[in-house]
file query04.txt (compact mmCIF, C-alpha atoms)
# COMPACT_ATOMS: atom_id res chain seq x y z
CA MET A 10 31.84 7.14 2.88
CA ASN A 11 32.84 3.57 2.00
CA ASN A 12 32.81 2.28 -1.56
CA ALA A 13 29.60 0.25 -1.22
CA LYS A 14 27.76 3.20 0.31
CA GLN A 15 28.98 5.45 -2.50
CA LYS A 16 27.85 3.00 -5.16
CA LEU A 17 24.43 2.54 -3.58
CA ALA A 18 23.97 6.29 -3.14
CA ALA A 19 24.89 6.83 -6.80
CA ALA A 20 22.45 4.12 -7.89
CA GLU A 21 19.68 5.72 -5.84
CA GLU A 22 20.40 9.16 -7.29
CA LYS A 23 20.04 7.75 -10.80
CA ALA A 24 16.77 6.08 -9.79
CA LYS A 25 15.51 9.45 -8.55
CA GLN A 26 16.52 10.98 -11.88
CA LEU A 27 14.56 8.23 -13.65
CA PHE A 28 11.45 9.08 -11.67
CA HIS A 29 11.94 12.80 -12.38
CA VAL A 30 12.08 12.08 -16.12
CA VAL A 31 8.94 9.94 -15.88
CA GLU A 32 7.17 12.82 -14.09
CA GLY A 33 8.50 15.39 -16.56
CA LEU A 34 7.21 13.41 -19.52
CA GLY A 35 3.74 13.36 -17.99
CA LEU A 36 3.57 9.57 -18.08
CA ILE A 37 1.65 9.23 -14.81
CA ALA A 38 -1.72 10.01 -16.33
CA PRO A 39 -5.29 8.65 -16.41
CA GLY A 40 -6.58 6.43 -19.16
CA LYS A 41 -3.71 3.94 -19.29
CA SER A 42 -3.28 0.65 -17.49
CA GLU A 43 -0.80 0.05 -14.70
CA LYS A 44 1.05 -2.36 -17.00
CA GLN A 45 1.28 0.24 -19.75
CA LEU A 46 2.78 2.77 -17.35
CA ALA A 47 5.22 0.15 -16.00
CA ASP A 48 6.30 -0.66 -19.57
CA GLU A 49 6.76 3.06 -20.30
CA VAL A 50 8.96 3.48 -17.20
CA VAL A 51 11.09 0.54 -18.31
CA GLU A 52 11.44 2.10 -21.77
CA VAL A 53 12.52 5.43 -20.28
CA ALA A 54 15.01 3.60 -18.06
CA ARG A 55 16.50 1.88 -21.09
CA ASN A 56 16.53 4.87 -23.44
CA HIS A 57 17.63 7.58 -21.00
CA PHE A 58 19.79 5.65 -18.54
CA GLY A 59 20.84 2.43 -20.28
CA ILE A 60 19.12 0.30 -17.63
CA GLU A 61 18.46 -3.24 -18.77
CA LYS A 62 17.92 -5.06 -15.46
CA PHE A 63 15.68 -4.68 -12.43
CA TRP A 64 16.35 -6.76 -9.34
CA HIS A 65 12.72 -7.06 -8.22
CA LYS A 66 9.34 -6.99 -9.90
CA LYS A 67 8.26 -3.68 -11.39
CA ILE A 68 5.26 -2.25 -9.56
CA VAL A 69 2.70 0.32 -10.63
CA ARG A 70 -0.48 0.38 -8.57
CA ALA A 71 -3.42 2.77 -8.71
CA GLY A 72 -6.59 3.31 -6.72
CA ALA A 73 -7.71 0.29 -4.70
CA ASN A 74 -4.64 -1.65 -5.84
CA THR A 75 -2.50 0.65 -3.66
CA LEU A 76 -3.85 -1.29 -0.66
CA HIS A 77 -1.76 -4.30 -1.74
CA SER A 78 1.66 -4.93 -0.26
CA TYR A 79 4.68 -5.95 -2.33
CA SER A 80 3.68 -9.63 -2.40
CA GLY A 81 0.22 -8.91 -3.79
CA ASN A 82 -0.59 -9.36 -7.46
CA PRO A 83 -3.86 -7.52 -8.05
CA PRO A 84 -5.43 -7.50 -11.53
CA ASP A 85 -4.23 -4.81 -13.93
CA ARG A 86 -6.17 -1.59 -13.39
CA ILE A 87 -6.80 1.47 -15.55
CA ILE A 88 -5.58 4.69 -13.92
CA GLN A 89 -8.50 7.02 -13.33
CA GLU A 90 -8.98 10.76 -13.10
CA ASP A 91 -8.27 11.99 -9.55
CA ASP A 92 -6.43 8.74 -8.76
CA ILE A 93 -3.56 7.88 -6.42
CA VAL A 94 -0.64 5.96 -7.97
CA ILE A 95 2.36 4.14 -6.49
CA LEU A 96 5.60 3.39 -8.35
CA ASP A 97 8.11 0.89 -6.93
CA PHE A 98 11.12 0.02 -9.07
CA GLY A 99 14.44 -1.66 -8.37
CA PRO A 100 16.82 -0.75 -11.22
CA ILE A 101 20.39 -2.00 -11.29
CA PHE A 102 23.07 0.59 -12.09
CA ASP A 103 26.59 -0.67 -12.80
CA GLY A 104 25.86 -3.81 -10.80
CA TRP A 105 24.41 -1.98 -7.76
CA GLU A 106 20.81 -2.11 -6.62
CA ALA A 107 18.49 0.82 -6.16
CA ASP A 108 15.02 0.57 -4.67
CA LEU A 109 12.79 3.60 -4.90
CA GLY A 110 9.11 3.97 -4.13
CA ARG A 111 6.98 7.06 -4.53
CA THR A 112 3.32 8.11 -4.39
CA TYR A 113 1.67 10.39 -6.94
CA VAL A 114 -1.74 12.03 -6.84
CA ILE A 115 -3.58 12.89 -10.04
CA GLY A 116 -5.86 15.81 -9.26
CA GLN A 117 -6.44 17.62 -5.99
CA ASP A 118 -8.28 15.18 -3.75
CA PRO A 119 -7.40 16.42 -0.23
CA LEU A 120 -7.35 13.00 1.45
CA LYS A 121 -5.05 11.52 -1.18
CA LEU A 122 -2.76 14.54 -1.02
CA LYS A 123 -2.65 14.22 2.78
CA LEU A 124 -1.75 10.54 2.48
CA LYS A 125 1.10 11.38 0.11
CA ARG A 126 2.41 14.08 2.46
CA ASP A 127 2.04 11.89 5.54
CA VAL A 128 3.89 8.87 4.19
CA GLU A 129 6.81 11.08 3.14
CA ALA A 130 6.87 12.92 6.49
CA ALA A 131 6.65 9.62 8.38
CA TRP A 132 9.60 8.23 6.41
CA ARG A 133 11.72 11.21 7.47
CA GLU A 134 10.56 10.84 11.08
CA ALA A 135 11.36 7.12 11.05
CA LYS A 136 14.83 7.83 9.65
CA THR A 137 15.52 10.42 12.34
CA TRP A 138 14.51 7.90 14.99
CA TYR A 139 16.67 5.21 13.38
CA ASP A 140 19.67 7.56 13.37
CA GLU A 141 19.31 7.99 17.14
CA GLN A 142 19.59 4.24 17.81
CA SER A 143 22.73 2.20 18.43
CA SER A 144 20.98 -1.17 18.59
CA LEU A 145 17.65 -2.05 16.98
CA THR A 146 16.02 -5.31 15.94
CA GLY A 147 13.93 -5.63 12.82
CA ALA A 148 10.94 -6.49 15.01
CA GLN A 149 11.39 -3.36 17.15
CA TYR A 150 11.60 -1.16 14.08
CA PHE A 151 8.53 -2.77 12.53
CA THR A 152 6.58 -2.13 15.74
CA TYR A 153 7.72 1.49 15.68
CA LEU A 154 6.49 1.89 12.08
CA ASN A 155 3.09 0.48 12.96
CA GLU A 156 2.76 2.92 15.85
CA LEU A 157 3.88 5.72 13.55
CA ALA A 158 1.07 4.87 11.14
CA LYS A 159 -1.45 5.19 13.97
CA LYS A 160 0.07 8.53 14.97
CA TYR A 161 -0.59 9.84 11.46
CA GLY A 162 -4.11 8.40 11.44
CA TRP A 163 -3.51 5.51 9.02
CA GLU A 164 -3.02 1.74 9.10
CA TYR A 165 0.38 0.25 8.31
CA GLY A 166 -0.08 -1.77 5.13
CA GLY A 167 3.28 -3.40 4.48
CA GLU A 168 4.32 -6.91 5.42
CA ILE A 169 7.80 -5.54 6.11
CA GLY A 170 9.25 -2.11 6.76
CA GLY A 171 12.37 -2.50 4.69
CA HIS A 172 15.25 -4.76 3.71
CA ILE A 173 18.89 -4.68 2.68
CA VAL A 174 20.31 -3.80 -0.74
CA GLY A 175 23.78 -4.16 -2.13
CA HIS A 176 25.80 -5.34 -5.07
CA PHE A 177 23.49 -7.44 -7.23
CA PRO A 178 22.51 -10.00 -6.15
CA HIS A 179 22.59 -8.84 -2.55
CA GLU A 180 23.29 -11.05 0.44
CA GLN A 181 20.76 -13.79 1.06
CA LEU A 182 20.11 -15.91 4.15
CA GLY A 183 18.17 -19.14 4.42
CA PRO A 184 14.67 -19.30 2.89
CA ASP A 185 12.97 -18.93 6.28
CA ASP A 186 15.48 -16.47 7.78
CA LEU A 187 14.03 -12.95 8.09
CA GLY A 188 17.27 -11.42 9.39
CA LEU A 189 17.58 -9.13 6.38
CA ASP A 190 14.06 -7.68 6.62
CA ILE A 191 12.42 -5.16 8.95
CA HIS A 192 9.85 -7.73 9.99
CA PRO A 193 8.00 -8.63 13.21
CA ASP A 194 9.82 -11.98 13.36
CA ASN A 195 13.31 -10.55 12.88
CA HIS A 196 14.89 -10.35 16.33
CA ALA A 197 18.41 -9.70 15.03
CA ASP A 198 20.10 -6.32 15.40
CA ILE A 199 19.86 -4.58 12.02
CA PHE A 200 23.03 -2.63 12.83
CA GLN A 201 25.12 -5.80 12.84
CA ALA A 202 27.64 -6.38 10.05
CA ASP A 203 27.43 -9.19 7.52
CA LYS A 204 29.42 -12.43 7.82
CA ASP A 205 32.45 -10.72 6.25
CA GLY A 206 32.34 -7.82 8.68
CA ASN A 207 30.93 -5.33 6.16
CA ASP A 208 28.19 -2.83 6.97
CA ARG A 209 24.76 -3.69 5.69
CA HIS A 210 22.80 -1.05 3.80
CA TRP A 211 19.09 -0.79 4.46
CA ILE A 212 16.07 0.37 2.52
CA LEU A 213 13.32 1.84 4.69
CA GLU A 214 9.88 1.46 3.15
CA ILE A 215 6.64 2.82 4.56
CA GLN A 216 3.15 1.96 3.34
CA PHE A 217 0.11 3.60 4.92
CA ILE A 218 -3.38 2.53 3.90
CA ASP A 219 -7.00 3.58 4.39
CA ARG A 220 -9.21 0.53 3.83
CA LEU A 221 -12.44 2.53 4.07
CA ASN A 222 -11.46 4.86 1.24
CA GLN A 223 -9.53 2.18 -0.66
CA ILE A 224 -6.25 4.09 -0.95
CA GLY A 225 -2.64 3.54 0.03
CA GLY A 226 0.56 5.56 -0.02
CA PHE A 227 4.16 4.36 -0.27
CA PHE A 228 7.63 5.84 0.12
CA GLU A 229 10.99 4.05 0.17
CA GLN A 230 14.68 4.71 -0.29
CA LEU A 231 18.05 4.12 1.38
CA ILE A 232 18.09 4.95 5.05
CA ASN A 233 21.80 4.72 5.82
CA GLN A 234 23.81 6.78 3.33
call {"tool": "encode", "arguments": {"input": "query04.txt", "output": "C-alpha cells"}}
result
Amino acid sequence: MNNAKQKLAAAEEKAKQLFHVVEGLGLIAPGKSEKQLADEVVEVARNHFGIEKFWHKKIVRAGANTLHSYSGNPPDRIIQEDDIVILDFGPIFDGWEADLGRTYVIGQDPLKLKLKRDVEAAWREAKTWYDEQSSLTGAQYFTYLNELAKKYGWEYGGEIGGHIVGHFPHEQLGPDDLGLDIHPDNHADIFQADKDGNDRHWILEIQFIDRLNQIGGFFEQLINQ
C-alpha cells in the first residue's frame, strides 16, 4: 500500500470512529434541528479527535431533505420521530481528506430500513463491479449506478457518483472539467494517473431516493484502498 493510500485509509478509519462516537452518544435523535446535530458532530470531532477543519460543507439531512443532492441547500428541518437521517462529513486528519456518508433510521419504518440496507448493499455491489474493471470512464460508471438504482427499485438521486480525494486540498482541474467526478459528462478513464503519474484515489457515493415517499438514502467512502 502506497503512502497516500495509507494516509487516506487512516483518515477514513478515524472518520468512521467519529460516526461511531456520534451514534454511541445518541446524538441522532428527534426533536433537534439538522443544524444542531451538525454542530454537535463538529463538537465531537473537535473534542474527541482534535479535528478543526472540514474540506467540504457539513451535511445533515432528515426526512424530505434527504431527497436533495450535495449541491442542494434545503431549509433547516427538525428531525422527527420515525425519521430517516443522512450524515455527510469531510473531516481532515493530519492534512488528509476523508469523506464519509451514512444513513440512519430512527424507529422501525420498514421502507426506510429497506432503503438504508439497499444503499449499503448497492455500494458494495458497485465496488465489486469496479474492482473487476481495468478501464472505466466516469460516464460509464455513472450509468452503471443509475441502472443499479433501478435494480434495487429506487431512483438515483445524486448529480455525481463520486469524486477523488487526497492530500488537502486535493487535485483540481479547470472549472468546467469534470474529469475528477463520476459524472455523465466525464469521458476520461478514472483509472488513469494524475499529471505526476500518481494513482488517484476515489470516493464512491450512492444516493437512492423515493420521491413518492419523500425519502432518500446515502452511503459513501473510499473505493480503492
call {"tool": "closest_residue", "arguments": {"input": "query04.txt", "among": "A:Ile215, A:Ala197, A:Ala131, A:Ile87", "to": "Gly167 in chain A", "atoms": "all atoms listed in the file"}}
result
A:Ile215
call {"tool": "axis_aligned_box", "arguments": {"input": "query04.txt", "around": "range 148-162 of chain A", "padding_each_side": "4 Å", "output": "lines of an AutoDock Vina configuration file"}}
result
center_x = 3.7
center_y = 1.7
center_z = 14.1
size_x = 23.7
size_y = 24.3
size_z = 14.0
call {"tool": "residues_around", "arguments": {"input": "query04.txt", "residues": "Asp185 in chain A", "least_positions_apart": "4", "cutoff": "12 Å", "atoms": "only C-alpha atoms", "output": "PyMOL selection string"}}
result
chain A and resi 181+189-190+194-195
call {"tool": "residues_around", "arguments": {"input": "query04.txt", "residues": "range 42-44 of chain A", "least_positions_apart": "6", "cutoff": "8 Å", "atoms": "all atoms listed in the file", "output": "list in words"}}
result
Val69, Arg70, Ala71, Asp85, Arg86, Ile87 and Ile88 of chain A
call {"tool": "atom_distance", "arguments": {"input": "query04.txt", "atom1": "CA of Arg209 in chain A", "atom2": "CA of His196 in chain A"}}
result
16.0 Å
call {"tool": "atom_distance", "arguments": {"input": "query04.txt", "atom1": "CA of Glu134 in chain A", "atom2": "CA of Gly162 in chain A"}}
result
14.9 Å
